[in-house]
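S.K.: I am sharing input.txt, which consists of compact mmCIF, C-alpha atoms:
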# COMPACT_ATOMS: atom_id res chain seq x y z
CA MET H 1 36.18 71.48 107.82
CA ARG H 2 36.07 73.95 110.75
CA LYS H 3 39.44 72.61 111.90
CA SER H 4 41.04 73.33 108.51
CA ILE H 5 39.65 76.86 108.51
CA LEU H 6 41.06 77.46 112.00
CA VAL H 7 44.51 76.26 110.95
CA GLY H 8 44.41 78.57 107.94
CA ILE H 9 43.49 81.53 110.10
CA CYS H 10 46.39 80.78 112.47
CA LEU H 11 48.87 80.52 109.61
CA ALA H 12 47.62 83.79 108.14
CA ALA H 13 48.03 85.49 111.51
CA LEU H 14 51.63 84.28 111.85
CA SER H 15 52.73 85.03 108.26
CA PRO H 16 53.65 88.73 108.81
CA ALA H 17 56.06 87.79 111.59
CA ALA H 18 57.55 85.06 109.44
CA VAL H 19 57.96 87.42 106.51
CA GLN H 20 59.55 90.05 108.78
CA ALA H 21 61.97 87.49 110.20
CA GLN H 22 62.92 86.40 106.69
CA ASN H 23 63.57 90.01 105.63
CA VAL H 24 65.71 90.67 108.69
CA GLU H 25 67.71 87.51 108.09
CA GLY H 26 68.35 88.73 104.56
CA ARG H 27 69.66 92.03 105.94
CA VAL H 28 71.89 90.16 108.36
CA GLY H 29 73.40 88.07 105.59
CA LYS H 30 74.08 91.12 103.46
CA LEU H 31 75.63 93.04 106.36
CA GLU H 32 77.83 90.12 107.37
CA SER H 33 79.05 89.79 103.78
CA GLU H 34 79.80 93.52 103.56
CA MET H 35 81.58 93.51 106.91
CA ARG H 36 83.85 90.66 105.81
CA ALA H 37 84.76 92.66 102.70
CA VAL H 38 85.48 95.76 104.82
CA GLN H 39 87.62 93.78 107.25
CA ARG H 40 89.66 92.33 104.41
CA LYS H 41 90.39 95.93 103.37
CA VAL H 42 91.18 97.09 106.90
CA PHE H 43 93.30 94.03 107.73
CA PRO H 44 94.94 92.92 104.44
CA GLY H 45 96.89 89.69 104.71
CA GLY H 46 95.16 88.81 107.97
CA ALA H 47 95.15 85.09 107.11
CA GLY H 48 91.36 85.05 107.25
CA GLN H 49 91.19 86.23 110.84
CA MET H 50 88.04 88.32 110.87
CA LEU H 51 86.45 90.16 113.76
CA GLN H 52 83.27 88.52 115.01
CA PRO H 53 80.17 90.60 115.79
CA GLU H 54 79.93 91.35 119.47
CA VAL H 55 76.39 90.09 119.81
CA ARG H 56 75.03 88.17 122.76
CA ALA H 57 71.73 86.37 122.74
CA PRO H 58 69.37 87.69 125.40
CA GLN H 59 69.40 85.62 128.58
CA SER H 60 66.12 84.32 129.88
CA GLU H 61 65.42 82.04 132.78
CA GLN H 62 62.51 80.37 131.08
CA GLY H 63 61.68 79.93 127.44
CA PRO H 64 58.35 80.95 125.96
CA GLY H 65 55.40 78.75 126.66
CA PRO H 66 53.86 76.51 124.04
CA GLY H 67 51.30 79.11 123.09
CA SER H 68 53.56 82.21 123.23
CA PRO H 69 54.32 84.08 120.00
CA ALA H 70 57.84 83.47 118.62
CA THR H 71 59.09 87.05 119.05
CA SER H 72 62.34 86.36 120.99
CA ALA H 73 64.09 84.97 117.91
CA LEU H 74 63.03 88.00 115.87
CA ALA H 75 64.25 90.37 118.61
CA ASP H 76 67.60 88.55 118.66
CA VAL H 77 67.94 88.93 114.89
CA ASN H 78 67.11 92.63 115.15
CA GLN H 79 69.81 93.01 117.80
CA ARG H 80 72.33 91.32 115.46
CA VAL H 81 71.37 93.73 112.66
CA THR H 82 71.84 96.75 114.91
CA SER H 83 75.23 95.52 116.13
CA LEU H 84 76.43 94.79 112.60
CA GLU H 85 75.33 98.20 111.38
CA GLN H 86 77.24 99.88 114.22
CA GLN H 87 80.39 97.88 113.47
CA MET H 88 80.10 98.65 109.75
CA THR H 89 79.92 102.36 110.55
CA SER H 90 82.95 102.13 112.86
CA LEU H 91 85.05 100.18 110.34
CA THR H 92 84.12 102.55 107.53
CA GLU H 93 85.22 105.52 109.64
CA GLN H 94 88.54 103.79 110.39
CA ILE H 95 89.16 103.20 106.69
CA GLU H 96 88.41 106.81 105.80
CA GLN H 97 90.62 108.17 108.58
CA ASN H 98 93.56 105.92 107.64
CA GLN H 99 93.21 106.71 103.95
CA ASN H 100 93.02 110.44 104.65
CA ARG H 101 96.07 110.34 106.94
CA THR H 102 98.10 108.34 104.42
CA ARG H 103 97.04 110.65 101.59
CA GLN H 104 98.10 113.73 103.57
CA LEU H 105 101.48 112.19 104.34
CA GLN H 106 101.94 111.17 100.70
CA ASP H 107 100.98 114.64 99.43
CA ALA H 108 103.26 116.41 101.88
CA PHE H 109 106.23 114.25 100.99
CA ASP H 110 105.54 114.43 97.25
CA ASN H 111 105.55 118.23 97.45
CA TYR H 112 108.80 118.17 99.37
CA ARG H 113 110.34 115.70 96.95
CA ARG H 114 109.41 117.76 93.90
CA SER H 115 110.87 120.89 95.49
CA ASN H 116 114.23 119.15 95.92
CA ASP H 117 114.46 117.18 92.66
CA ALA H 118 115.88 120.05 90.61
CA ARG H 119 118.49 120.95 93.23
CA LEU H 120 119.56 117.32 93.68
CA LYS H 121 119.79 116.82 89.93
CA THR H 122 122.03 119.86 89.67
CA LEU H 123 124.30 118.54 92.41
CA GLU H 124 124.50 115.09 90.86
CA THR H 125 125.14 116.19 87.26
CA GLY H 126 127.08 119.43 87.80
CA PRO H 127 130.79 119.63 86.96
CA ALA H 128 133.26 118.73 89.70
CA PRO H 129 135.27 121.62 91.16
CA ILE H 130 138.73 122.16 89.68
CA ALA H 131 141.60 122.57 92.12
CA THR H 132 144.10 125.23 91.00
CA GLY H 133 146.51 124.89 93.89
CA ALA H 134 146.71 125.35 97.61
CA GLY H 135 143.77 127.30 98.99
CA ALA H 136 141.60 126.75 95.89
CA GLY H 137 137.94 126.99 96.90
CA GLY H 138 135.01 124.80 95.94
CA PRO H 139 132.54 122.48 97.66
CA ILE H 140 133.56 118.96 98.45
CA GLU H 141 130.68 116.49 98.19
CA SER H 142 132.33 113.73 100.20
CA ASP H 143 135.51 113.02 102.13
CA ASP H 144 137.59 111.06 99.65
CA GLN H 145 140.57 109.84 101.63
CA SER H 146 142.71 108.75 98.70
CA SER H 147 146.09 110.46 98.49
CA GLY H 148 147.05 112.86 95.72
CA PRO H 149 148.53 116.37 95.59
CA SER H 150 145.91 117.80 93.21
CA ARG H 151 142.85 116.82 95.32
CA PRO H 152 141.67 119.31 98.00
CA THR H 153 141.33 117.93 101.50
CA THR H 154 138.73 118.47 104.21
CA ARG H 155 141.35 118.33 106.99
CA PRO H 156 143.06 121.74 107.53
CA GLU H 157 145.84 120.26 109.63
CA ILE H 158 146.90 118.07 106.73
CA ALA H 159 146.70 120.87 104.17
CA SER H 160 148.96 123.04 106.30
CA LYS H 161 151.73 120.43 106.30
CA PRO H 162 153.06 119.87 102.77
CA GLY H 163 154.22 116.35 102.24
CA ALA H 164 152.19 114.87 105.12
CA ALA H 165 150.48 111.60 104.20
CA THR H 166 146.67 111.51 104.15
CA PRO H 167 144.98 108.99 106.47
CA THR H 168 144.65 105.54 104.98
CA LYS H 169 141.25 103.92 104.58
CA VAL H 170 140.39 101.31 107.20
CA SER H 171 140.22 97.83 105.74
CA VAL H 172 136.75 96.32 106.15
CA GLU H 173 136.47 92.56 105.98
CA LYS H 174 133.52 91.04 104.17
CA PRO H 175 131.91 88.21 106.20
CA SER H 176 131.34 84.76 104.75
CA THR H 177 128.74 82.73 106.62
CA GLY H 178 127.11 81.01 103.67
CA ASP H 179 124.07 83.30 103.75
CA PRO H 180 124.56 85.73 100.84
CA ALA H 181 121.89 88.25 101.93
CA GLU H 182 123.21 88.31 105.50
CA ASP H 183 126.84 88.59 104.39
CA GLU H 184 126.15 91.43 101.94
CA TYR H 185 124.14 93.36 104.53
CA MET H 186 126.73 92.91 107.27
CA TYR H 187 129.43 94.09 104.88
CA GLY H 188 127.42 97.26 104.24
CA TYR H 189 126.90 97.65 107.98
CA ARG H 190 130.64 97.37 108.65
CA LEU H 191 131.38 99.97 105.98
CA TRP H 192 128.86 102.30 107.61
CA ALA H 193 130.33 101.66 111.07
CA ALA H 194 133.77 102.50 109.65
CA LYS H 195 132.26 105.78 108.33
CA GLN H 196 133.02 104.85 104.74
CA TYR H 197 129.67 106.26 103.74
CA PRO H 198 129.79 106.26 99.90
CA GLN H 199 130.99 102.64 99.87
CA ALA H 200 128.38 101.68 102.46
CA GLU H 201 125.61 103.33 100.46
CA ALA H 202 126.56 101.49 97.27
CA GLN H 203 126.69 98.19 99.16
CA LEU H 204 123.33 98.73 100.91
CA LYS H 205 121.63 99.64 97.62
CA LYS H 206 122.99 96.36 96.24
CA VAL H 207 121.41 94.41 99.10
CA VAL H 208 117.99 95.97 98.50
CA ALA H 209 118.19 95.36 94.75
CA GLU H 210 119.44 91.77 94.88
CA TYR H 211 117.58 90.48 97.95
CA PRO H 212 114.21 92.30 98.03
CA LYS H 213 112.47 89.34 99.72
CA SER H 214 115.01 89.00 102.50
CA LYS H 215 114.28 90.55 105.88
CA ARG H 216 117.63 92.29 105.50
CA ALA H 217 116.19 94.43 102.68
CA SER H 218 114.32 96.51 105.25
CA TYR H 219 117.46 96.76 107.38
CA ALA H 220 119.58 97.80 104.39
CA GLN H 221 117.15 100.46 103.15
CA ASN H 222 116.90 101.95 106.64
CA LEU H 223 120.68 101.93 107.11
CA LEU H 224 121.07 103.57 103.70
CA GLY H 225 119.04 106.50 105.01
CA ARG H 226 121.10 106.62 108.20
CA SER H 227 124.29 106.67 106.17
CA TYR H 228 123.04 109.66 104.17
CA LEU H 229 121.97 111.34 107.42
CA ASP H 230 125.37 110.77 109.04
CA GLU H 231 127.05 112.05 105.90
CA GLY H 232 125.12 115.31 106.16
CA LYS H 233 122.69 114.65 103.31
CA PRO H 234 119.23 114.84 104.92
CA SER H 235 117.43 115.23 101.58
CA LEU H 236 118.68 111.89 100.28
CA ALA H 237 118.19 110.39 103.73
CA SER H 238 114.53 111.39 103.86
CA MET H 239 113.89 109.77 100.48
CA ALA H 240 115.56 106.53 101.56
CA PHE H 241 113.57 106.41 104.81
CA TYR H 242 110.27 107.16 103.10
CA ASP H 243 110.87 104.49 100.44
CA ASN H 244 111.49 101.91 103.16
CA TYR H 245 108.18 102.71 104.88
CA LYS H 246 106.22 102.96 101.64
CA LYS H 247 107.57 99.83 99.92
CA MET H 248 108.16 97.60 102.96
CA PRO H 249 105.68 98.71 105.65
CA GLU H 250 105.81 95.27 107.27
CA GLY H 251 109.62 95.24 107.36
CA GLU H 252 111.34 95.16 110.72
CA ARG H 253 112.93 98.57 110.19
CA ALA H 254 109.88 100.40 108.81
CA PRO H 255 109.11 102.03 112.21
CA ASP H 256 112.76 103.09 112.55
CA SER H 257 112.61 104.68 109.11
CA LEU H 258 109.62 106.81 110.09
CA LEU H 259 111.46 107.88 113.24
CA TYR H 260 114.56 108.92 111.28
CA LEU H 261 112.42 110.47 108.54
CA GLY H 262 111.02 112.82 111.16
CA GLN H 263 114.56 113.72 112.23
CA ALA H 264 115.65 114.31 108.62
CA LEU H 265 112.67 116.59 107.93
CA THR H 266 113.45 118.54 111.10
CA LYS H 267 117.01 119.05 109.83
CA LEU H 268 115.51 120.31 106.56
CA ASN H 269 113.48 122.91 108.49
CA LYS H 270 110.19 121.18 107.75
CA PRO H 271 108.82 120.72 111.27
CA ALA H 272 105.17 120.51 110.19
CA ASP H 273 105.96 117.56 107.92
CA ALA H 274 108.06 115.99 110.67
CA CYS H 275 105.10 116.17 113.06
CA LYS H 276 102.88 114.42 110.50
CA VAL H 277 105.46 111.66 110.25
CA TYR H 278 105.58 111.22 114.03
CA ASP H 279 101.76 111.08 114.09
CA GLU H 280 101.85 108.37 111.42
CA LEU H 281 104.45 106.43 113.40
CA ASN H 282 102.30 106.50 116.53
CA ASP H 283 99.13 105.57 114.67
CA VAL H 284 100.58 102.68 112.68
CA TYR H 285 103.18 101.22 115.03
CA GLY H 286 102.37 102.71 118.42
CA ALA H 287 101.18 99.43 119.92
CA LYS H 288 104.41 97.68 118.86
CA MET H 289 106.97 100.35 119.77
CA ALA H 290 109.46 99.67 122.52
CA SER H 291 109.76 102.18 125.33
CA ALA H 292 113.13 103.37 124.01
CA MET H 293 111.62 104.29 120.63
CA LYS H 294 108.69 106.02 122.32
CA GLY H 295 111.23 108.18 124.13
CA GLN H 296 112.93 109.00 120.82
CA VAL H 297 109.58 109.94 119.28
CA ALA H 298 108.85 112.25 122.20
CA ALA H 299 112.26 113.88 121.78
CA GLY H 300 111.71 114.25 118.04
CA ARG H 301 108.30 115.84 118.55
CA SER H 302 109.82 118.24 121.05
CA ALA H 303 112.58 119.20 118.59
CA ALA H 304 109.99 119.81 115.86
CA LYS H 305 107.76 121.71 118.33
CA CYS H 306 104.79 119.46 117.54
CA LYS H 307 101.52 120.27 119.29
For this file, produce the structure as structure tokens.

M.R.:
Amino acid sequence: MRKSILVGICLAALSPAAVQAQNVEGRVGKLESEMRAVQRKVFPGGAGQMLQPEVRAPQSEQGPGPGSPATSALADVNQRVTSLEQQMTSLTEQIEQNQNRTRQLQDAFDNYRRSNDARLKTLETGPAPIATGAGAGGPIESDDQSSGPSRPTTRPEIASKPGAATPTKVSVEKPSTGDPAEDEYMYGYRLWAAKQYPQAEAQLKKVVAEYPKSKRASYAQNLLGRSYLDEGKPSLASMAFYDNYKKMPEGERAPDSLLYLGQALTKLNKPADACKVYDELNDVYGAKMASAMKGQVAAGRSAAKCK
């Protein structure tokens, strides 16, 4: 009878520690579950590769004796809880910073886009200028190289020589390798290289529309922006670059589009927005950028007078 009473007293003395350990284990399970959810948000599409808590069990040369209280296990669990709480705080801060940075970039570009929509719509839908003879004024949207006496020319040396033939358009061969997406993109690339910008732009838009899952979609959307930029249309270029980054952030040319977007915004006298774009490029792709691109970013930041 005395033995049973002694056992009961011992169990009663140990029960608070056991209850505390159980409560701590419950906290650990909850924190681990929350951290996995946070990591899925921070690293979407990570194929299940989650960060593991950086917890190390305390090292001891000799385990507790037979009569020692079982406090080491409880201390280890408490250490795990502390580590998980610290990592949760760090991950939450990363999420908030990334969301805030992306929101600022989105807001800045949306404001810019709205400010240019009316002007672009006017340019796209306005009546074409009417030529009334030699020396007739009027803006020319693009360099149409087709011949014709009634169409004004952008080359003064040709206009000053009546009867001189206008330059003929370079013939661009369309490749045929059996890969439709590759062939269509390379055709657009060749048109761009030949400086036939309107034709290149139409072809590159076709690639993006018809082959959105191909890796060449990112290439085509980026080259579309470069074509607009080379043609002297930085407003349209900036929209093409931003769409590539926003819709295909994992595409191979998404970093390039942010780089050129910064250049386009600088040309549009929006250096503050350009600096935000360069910051975004460094934050998102900095670890993957080649040294040549890092040099271009530095040059772009210098041109925009970024701090």

S.K.: Quick check, in Å to one decimal: how far apart do CA of Glu210 (chain H) and CA of Arg253 (chain H) lie?

M.R.: 18.0 Å

S.K.: How many Å separate CA of Pro234 (chain H) from CA of Ala264 (chain H)?

M.R.: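 CA of Pro234 (chain H) sits 5.2 Å away from CA of Ala264 (chain H).
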
S.K.: Just checking: using all atoms listed in the file, which residue out of H:Arg226, H:Phe241, H:Arg80, H:Asp283 ends up closest to Asn98 (chain H)?

M.R.: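 Among the listed residues, H:Asp283 lies closest to Asn98 (chain H).
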
S.K.: Quick one: pull the distance between CA of Leu191 (chain H) and CA of Lys267 (chain H), Å, one decimal.

M.R.: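 Result for CA of Leu191 (chain H) versus CA of Lys267 (chain H): 24.2 Å, one decimal.
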
S.K.: When you count only C-alpha atoms, which of these residues is closest to Ala181 (chain H): H:Tyr228, H:Tyr285, H:Tyr211, H:Tyr197?

M.R.: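 Using only C-alpha atoms, the shortest distance to Ala181 (chain H) belongs to H:Tyr211.
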
S.K.: Looking at all atoms listed in the file, which of H:Asp243, H:Glu96, H:Glu201, H:Asp256 is the one that sits closest to Leu224 (chain H)?

M.R.: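 Result for the nearest residue to Leu224 (chain H): H:Glu201.
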
S.K.: Select all residues near (127.3, 98.4, 106.1) (cut-off 12 Å, inclusive, file coordinates), counting all atoms listed in the file, and output them as an NGL selection string.

M.R.: :H and (172-175 or 182-207 or 216 or 219-227)

S.K.: Out of H:Arg36, H:Arg27, H:Leu229, H:Ser257, which residue has the shortest atom-to-atom distance to Gln79 (chain H) when counting all atoms listed in the file?

M.R.: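 For Gln79 (chain H), the nearest of the candidates is H:Arg27.
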
S.K.: Please reconstruct the missing atoms of region 78-96 of chain H (target: N, CA, C and O atoms) and return them as a PDB file, keeping the file's coordinate frame.

M.R.:
ATOM      1  N   ASN H  78      67.058  91.172 115.233  1.00  0.00           N
ATOM      2  CA  ASN H  78      67.110  92.630 115.150  1.00  0.00           C
ATOM      3  C   ASN H  78      68.320  93.191 115.886  1.00  0.00           C
ATOM      4  O   ASN H  78      68.964  94.153 115.455  1.00  0.00           O
ATOM      5  N   GLN H  79      68.632  92.572 117.033  1.00  0.00           N
ATOM      6  CA  GLN H  79      69.810  93.010 117.800  1.00  0.00           C
ATOM      7  C   GLN H  79      71.082  92.769 116.999  1.00  0.00           C
ATOM      8  O   GLN H  79      72.005  93.582 116.989  1.00  0.00           O
ATOM      9  N   ARG H  80      71.169  91.627 116.304  1.00  0.00           N
ATOM     10  CA  ARG H  80      72.330  91.320 115.460  1.00  0.00           C
ATOM     11  C   ARG H  80      72.473  92.370 114.350  1.00  0.00           C
ATOM     12  O   ARG H  80      73.564  92.842 114.053  1.00  0.00           O
ATOM     13  N   VAL H  81      71.332  92.740 113.737  1.00  0.00           N
ATOM     14  CA  VAL H  81      71.370  93.730 112.660  1.00  0.00           C
ATOM     15  C   VAL H  81      71.904  95.061 113.182  1.00  0.00           C
ATOM     16  O   VAL H  81      72.768  95.697 112.571  1.00  0.00           O
ATOM     17  N   THR H  82      71.397  95.487 114.329  1.00  0.00           N
ATOM     18  CA  THR H  82      71.840  96.750 114.910  1.00  0.00           C
ATOM     19  C   THR H  82      73.332  96.738 115.214  1.00  0.00           C
ATOM     20  O   THR H  82      74.057  97.688 114.927  1.00  0.00           O
ATOM     21  N   SER H  83      73.807  95.621 115.809  1.00  0.00           N
ATOM     22  CA  SER H  83      75.230  95.520 116.130  1.00  0.00           C
ATOM     23  C   SER H  83      76.091  95.542 114.881  1.00  0.00           C
ATOM     24  O   SER H  83      77.122  96.216 114.832  1.00  0.00           O
ATOM     25  N   LEU H  84      75.662  94.823 113.848  1.00  0.00           N
ATOM     26  CA  LEU H  84      76.430  94.790 112.600  1.00  0.00           C
ATOM     27  C   LEU H  84      76.472  96.161 111.947  1.00  0.00           C
ATOM     28  O   LEU H  84      77.501  96.588 111.424  1.00  0.00           O
ATOM     29  N   GLU H  85      75.363  96.868 111.974  1.00  0.00           N
ATOM     30  CA  GLU H  85      75.330  98.200 111.380  1.00  0.00           C
ATOM     31  C   GLU H  85      76.274  99.147 112.116  1.00  0.00           C
ATOM     32  O   GLU H  85      76.970  99.958 111.500  1.00  0.00           O
ATOM     33  N   GLN H  86      76.332  99.039 113.443  1.00  0.00           N
ATOM     34  CA  GLN H  86      77.240  99.880 114.220  1.00  0.00           C
ATOM     35  C   GLN H  86      78.697  99.557 113.898  1.00  0.00           C
ATOM     36  O   GLN H  86      79.533 100.456 113.753  1.00  0.00           O
ATOM     37  N   GLN H  87      79.015  98.263 113.779  1.00  0.00           N
ATOM     38  CA  GLN H  87      80.390  97.880 113.470  1.00  0.00           C
ATOM     39  C   GLN H  87      80.774  98.293 112.058  1.00  0.00           C
ATOM     40  O   GLN H  87      81.903  98.697 111.810  1.00  0.00           O
ATOM     41  N   MET H  88      79.829  98.198 111.117  1.00  0.00           N
ATOM     42  CA  MET H  88      80.100  98.650 109.750  1.00  0.00           C
ATOM     43  C   MET H  88      80.430 100.132 109.737  1.00  0.00           C
ATOM     44  O   MET H  88      81.355 100.587 109.066  1.00  0.00           O
ATOM     45  N   THR H  89      79.671 100.915 110.494  1.00  0.00           N
ATOM     46  CA  THR H  89      79.920 102.360 110.550  1.00  0.00           C
ATOM     47  C   THR H  89      81.298 102.652 111.135  1.00  0.00           C
ATOM     48  O   THR H  89      82.054 103.482 110.625  1.00  0.00           O
ATOM     49  N   SER H  90      81.649 101.930 112.227  1.00  0.00           N
ATOM     50  CA  SER H  90      82.950 102.130 112.860  1.00  0.00           C
ATOM     51  C   SER H  90      84.095 101.762 111.931  1.00  0.00           C
ATOM     52  O   SER H  90      85.084 102.494 111.808  1.00  0.00           O
ATOM     53  N   LEU H  91      83.990 100.618 111.243  1.00  0.00           N
ATOM     54  CA  LEU H  91      85.050 100.180 110.340  1.00  0.00           C
ATOM     55  C   LEU H  91      85.197 101.132 109.159  1.00  0.00           C
ATOM     56  O   LEU H  91      86.312 101.428 108.718  1.00  0.00           O
ATOM     57  N   THR H  92      84.064 101.606 108.651  1.00  0.00           N
ATOM     58  CA  THR H  92      84.120 102.550 107.530  1.00  0.00           C
ATOM     59  C   THR H  92      84.826 103.835 107.937  1.00  0.00           C
ATOM     60  O   THR H  92      85.635 104.390 107.178  1.00  0.00           O
ATOM     61  N   GLU H  93      84.547 104.308 109.149  1.00  0.00           N
ATOM     62  CA  GLU H  93      85.220 105.520 109.640  1.00  0.00           C
ATOM     63  C   GLU H  93      86.718 105.287 109.776  1.00  0.00           C
ATOM     64  O   GLU H  93      87.532 106.159 109.455  1.00  0.00           O
ATOM     65  N   GLN H  94      87.119 104.097 110.258  1.00  0.00           N
ATOM     66  CA  GLN H  94      88.540 103.790 110.390  1.00  0.00           C
ATOM     67  C   GLN H  94      89.228 103.810 109.032  1.00  0.00           C
ATOM     68  O   GLN H  94      90.340 104.341 108.886  1.00  0.00           O
ATOM     69  N   ILE H  95      88.576 103.233 108.040  1.00  0.00           N
ATOM     70  CA  ILE H  95      89.160 103.200 106.690  1.00  0.00           C
ATOM     71  C   ILE H  95      89.349 104.624 106.169  1.00  0.00           C
ATOM     72  O   ILE H  95      90.400 104.989 105.648  1.00  0.00           O
ATOM     73  N   GLU H  96      88.323 105.446 106.313  1.00  0.00           N
ATOM     74  CA  GLU H  96      88.410 106.810 105.800  1.00  0.00           C
ATOM     75  C   GLU H  96      89.485 107.609 106.514  1.00  0.00           C
ATOM     76  O   GLU H  96      90.217 108.373 105.891  1.00  0.00           O
TER      77      GLU H  96
END
